[in-house]
Number of protein chains: 2
Amino acid sequence: MAHKPQNRPAGRRTAAAESVREALLGAARQFFLRREFKAVSLREIADAAGVNSAMVNYYFGGKQGLYEAMVDELLSSLQASLDASHERDQITVAEFSTHYSRLLADNPWWPNFVIREVLFSDGPIRERVINRFASVFAPDLLRSLQREIGSGHYRADLDPRLTLLSLMGMTVFPFLARPLLEQVLGMTLDRETAGKLAAHNTQLFLHGALNSAGET
Amino acid sequence: MAHKPQNRPAGRRTAAAESVREALLGAARQFFLRREFKAVSLREIADAAGVNSAMVNYYFGGKQGLYEAMVDELLSSLQASLDASHERDQITVAEFSTHYSRLLADNPWWPNFVIREVLFSDGPIRERVINRFASVFAPDLLRSLQREIGSGHYRADLDPRLTLLSLMGMTVFPFLARPLLEQVLGMTLDRETAGKLAAHNTQLFLHGALNSAGET
DNA sequence: TGATTAATTAATTAAACGTTTAATTAATAG
DNA sequence: CTATTAATTAAACGTTTAATTAATTAATCA
């Protein structure tokens with residue numbers, strides 16, 4: 001019944017309570033990001049957090065509640081880390097490529113998680129992830145592309161939305177296909193490779209693959 | 001123990017047996033492609049197939065066996081559909097973009113499934129999916145890129161592997177992010193849009209985004 | 001200090017799961 | 001016709017799950 005530790009009187013064992021909450025969230029992140037929802041049991045989460053499994057129901061109202069809390073925490077931290085990455089409405093292709101690649105290289109869990117939520121989940125979490133994810137880079141980048149096309153800097157026949165998709169795909173896909181890279185191409189996606197990839201993508205996006213004297 | 005109906009004497013109730021097998025495989029595809037492994041129960045599969053749930057153990061040795069059989073069937077049908085798409089070693093960027101886009105547009109389950117297997121699964125199935133997947137397009141395309149770079153048709157400073165990744169990303173990502181497209185950009189990925197996307201990607205890949213008279 | 005109440009643990013519950021088993025039906029072979 | 005074997009069913013098994021309840025601990029305040 002006690003879905004949440006309601007109206008907790010400030011300063012009464014709250015330190016311990018917060019530590020239990022955070023321990024559970026940390027353990028939840030550790031498991032939920034790596035395995036599917038149903039394949040993770042509350043017991044292993046509680047054990048890893050060093051608390052009793054009933055605490056999940058006490059603090060989060062159940063398994064689903066814990067998962068949603070973890071997702072919210074994750075999205076908030078991402079938002080914060082991205083808010084500092086570029087000036088609003090002023091992102092360039094090179095900046096996007098560089099910042100996004102670094103972000104993905106530093107947080108290997110991120111693309112997996114987003115893709116899983118976007119592709120396989122449903123319900124309120126998926127909506128939240130999509131909207132939050134989409135609001136981070138896409139609008140600014142889309143506006144930037146439209147400006148460049150309108151100003152004649154980019155080719156006038158470029159569809160901004162398709163171009164956005166191409167650019168995001170070039171940037172994100174390698175991190176999604178990371179195991180494929182390692183097993184098939186023998187590449188590892190550390191920060192250095194991610195940097196090379198970002199530079200490569202920027203070049204390719206701006207100039208194309210054809211040699212200067214090339215034909216179609 | 002009887003993992004498979006061993007040494008089945010030809011012509012003894014095999015018709016019925018095959019229909020049960022296929023009914024189970026069909027139902028398995030219907031559920032496993034949409035939900036995670038642990039979230040699918042043998043009971044719902046058996047119910048949908050109209051057979052007893054013990055048949056799963058009789059014919060496939062268990063839940064895992066049924067899943068693996070389904071995966072193998074899926075990979076074989078994909079391989080067959082792709083073998084007809086291009087001459088070995090002779091694929092161009094435009095061909096790749098076009099064929100792959102059409103394939104993904106026609107089989108919406110495919111990118112989801114591959115990504116799930118590649119990112120979240122482990123064990124023998126993942127190996128099989130990666131190798132099978134990688135052997136379909138990547139080697140031919142990589143060779144083609146190397147040839148174009150070596151011949152001077154493409155810029156000499158292009159890294160073939162990074163270029164392969166960029167190209168695959170441009171092509172595959174929109175289908176992975178399909179829900180995001182629909183919800184954020186208001187686009188639907190039908191065959192027509194997929195065609196436009198393929199043409200756009202080919203153009204962008206070859207010529208880049210910059211206008212002819214543009215600066216860096 | 002002693003009552004009160006939040007926090008935590010331990011024990012328990014009911015349901016769902018995949019699998020196994022034993023019994024039954026159907027079909028062929030000798 | 002009988003023996004044999006494949007195919008199928010229904011029931012039960014043991015395990016695991018999330019959730020609930022009861023019991024215990026500890027901190028606050030009158």
# chains A, B, ... in the order shown; residues from 1 in each chain; ligands from 1
call {"tool": "closest_atom_pairs", "arguments": {"of": "chain D", "to": "segment 10-20 of chain C", "cutoff": "10 Å", "atoms": "only C-alpha atoms (C1' of nucleotides)", "output": "tab-separated table"}}
result
residue	atom	partner	partner_atom	distance
D:DA12	C1'	C:DT20	C1'	8.7
D:DC13	C1'	C:DT20	C1'	7.3
D:DG14	C1'	C:DT19	C1'	9.3
D:DT15	C1'	C:DC17	C1'	8.3
D:DT16	C1'	C:DC17	C1'	7.6
D:DT17	C1'	C:DA16	C1'	7.7
D:DA18	C1'	C:DA15	C1'	9.3
D:DA19	C1'	C:DT13	C1'	8.4
D:DT20	C1'	C:DT13	C1'	7.3
D:DT21	C1'	C:DT12	C1'	7.5
D:DA22	C1'	C:DA11	C1'	7.9
D:DA23	C1'	C:DA10	C1'	7.7
D:DT24	C1'	C:DA10	C1'	8.9
call {"tool": "interface_residues", "arguments": {"of": "chain A", "to": "chain B", "cutoff": "6 Å", "atoms": "only C-alpha atoms", "output": "list in words"}}
result
Lys38, His153, Tyr154, Arg155, Ser166, Gly169, Met170, Phe173, Phe205, Leu206, His207, Gly208, Ala209, Leu210, Asn211 and Gly214 of chain A
call {"tool": "atom_distance", "arguments": {"atom1": "atom CA of Arg191 of chain A", "atom2": "atom CA of Ala105 of chain A"}}
result
5.7 Å
call {"tool": "residues_around", "arguments": {"residues": "Leu24 of chain B", "least_positions_apart": "4", "cutoff": "9 Å", "atoms": "only C-alpha atoms (C1' of nucleotides)", "output": "list in words"}}
result
Ser19, Val20, Ala28, Arg29, Ile45, Ala46, Ala48, Ala49, Gly50, Val51, Met55, Val56 and Leu66 of chain B
call {"tool": "atom_distance", "arguments": {"atom1": "atom CA of His99 of chain B", "atom2": "atom CA of Leu141 of chain B"}}
result
12.4 Å
call {"tool": "closest_residue", "arguments": {"among": "B:Glu68, B:Glu44, B:Asp106, B:Glu22", "to": "chain C", "atoms": "only C-alpha atoms (C1' of nucleotides)"}}
result
B:Glu44
call {"tool": "closest_atom_pairs", "arguments": {"of": "chain D", "to": "chain B", "cutoff": "12 Å", "atoms": "only C-alpha atoms (C1' of nucleotides)", "output": "CSV"}}
result
residue,atom,partner,partner_atom,distance
D:DT5,C1',B:Arg12,CA,10.0
D:DA6,C1',B:Arg13,CA,7.8
D:DA7,C1',B:Ala17,CA,7.6
D:DT8,C1',B:Asn52,CA,7.7
D:DT9,C1',B:Asn52,CA,7.2
D:DA10,C1',B:Asn52,CA,9.4
D:DA11,C1',B:Ala54,CA,11.6
call {"tool": "atom_distance", "arguments": {"atom1": "atom CA of Gly26 of chain A", "atom2": "atom C1' of DT8 of chain C"}}
result
19.0 Å
call {"tool": "closest_atom_pairs", "arguments": {"of": "chain C", "to": "chain A", "cutoff": "8 Å", "atoms": "only C-alpha atoms (C1' of nucleotides)", "output": "JSON lines"}}
result
{"residue": "C:DA6", "atom": "C1'", "partner": "A:Arg12", "partner_atom": "CA", "distance": 7.9}
{"residue": "C:DA7", "atom": "C1'", "partner": "A:Ala17", "partner_atom": "CA", "distance": 7.5}
{"residue": "C:DT8", "atom": "C1'", "partner": "A:Asn52", "partner_atom": "CA", "distance": 7.5}
{"residue": "C:DT9", "atom": "C1'", "partner": "A:Asn52", "partner_atom": "CA", "distance": 6.6}
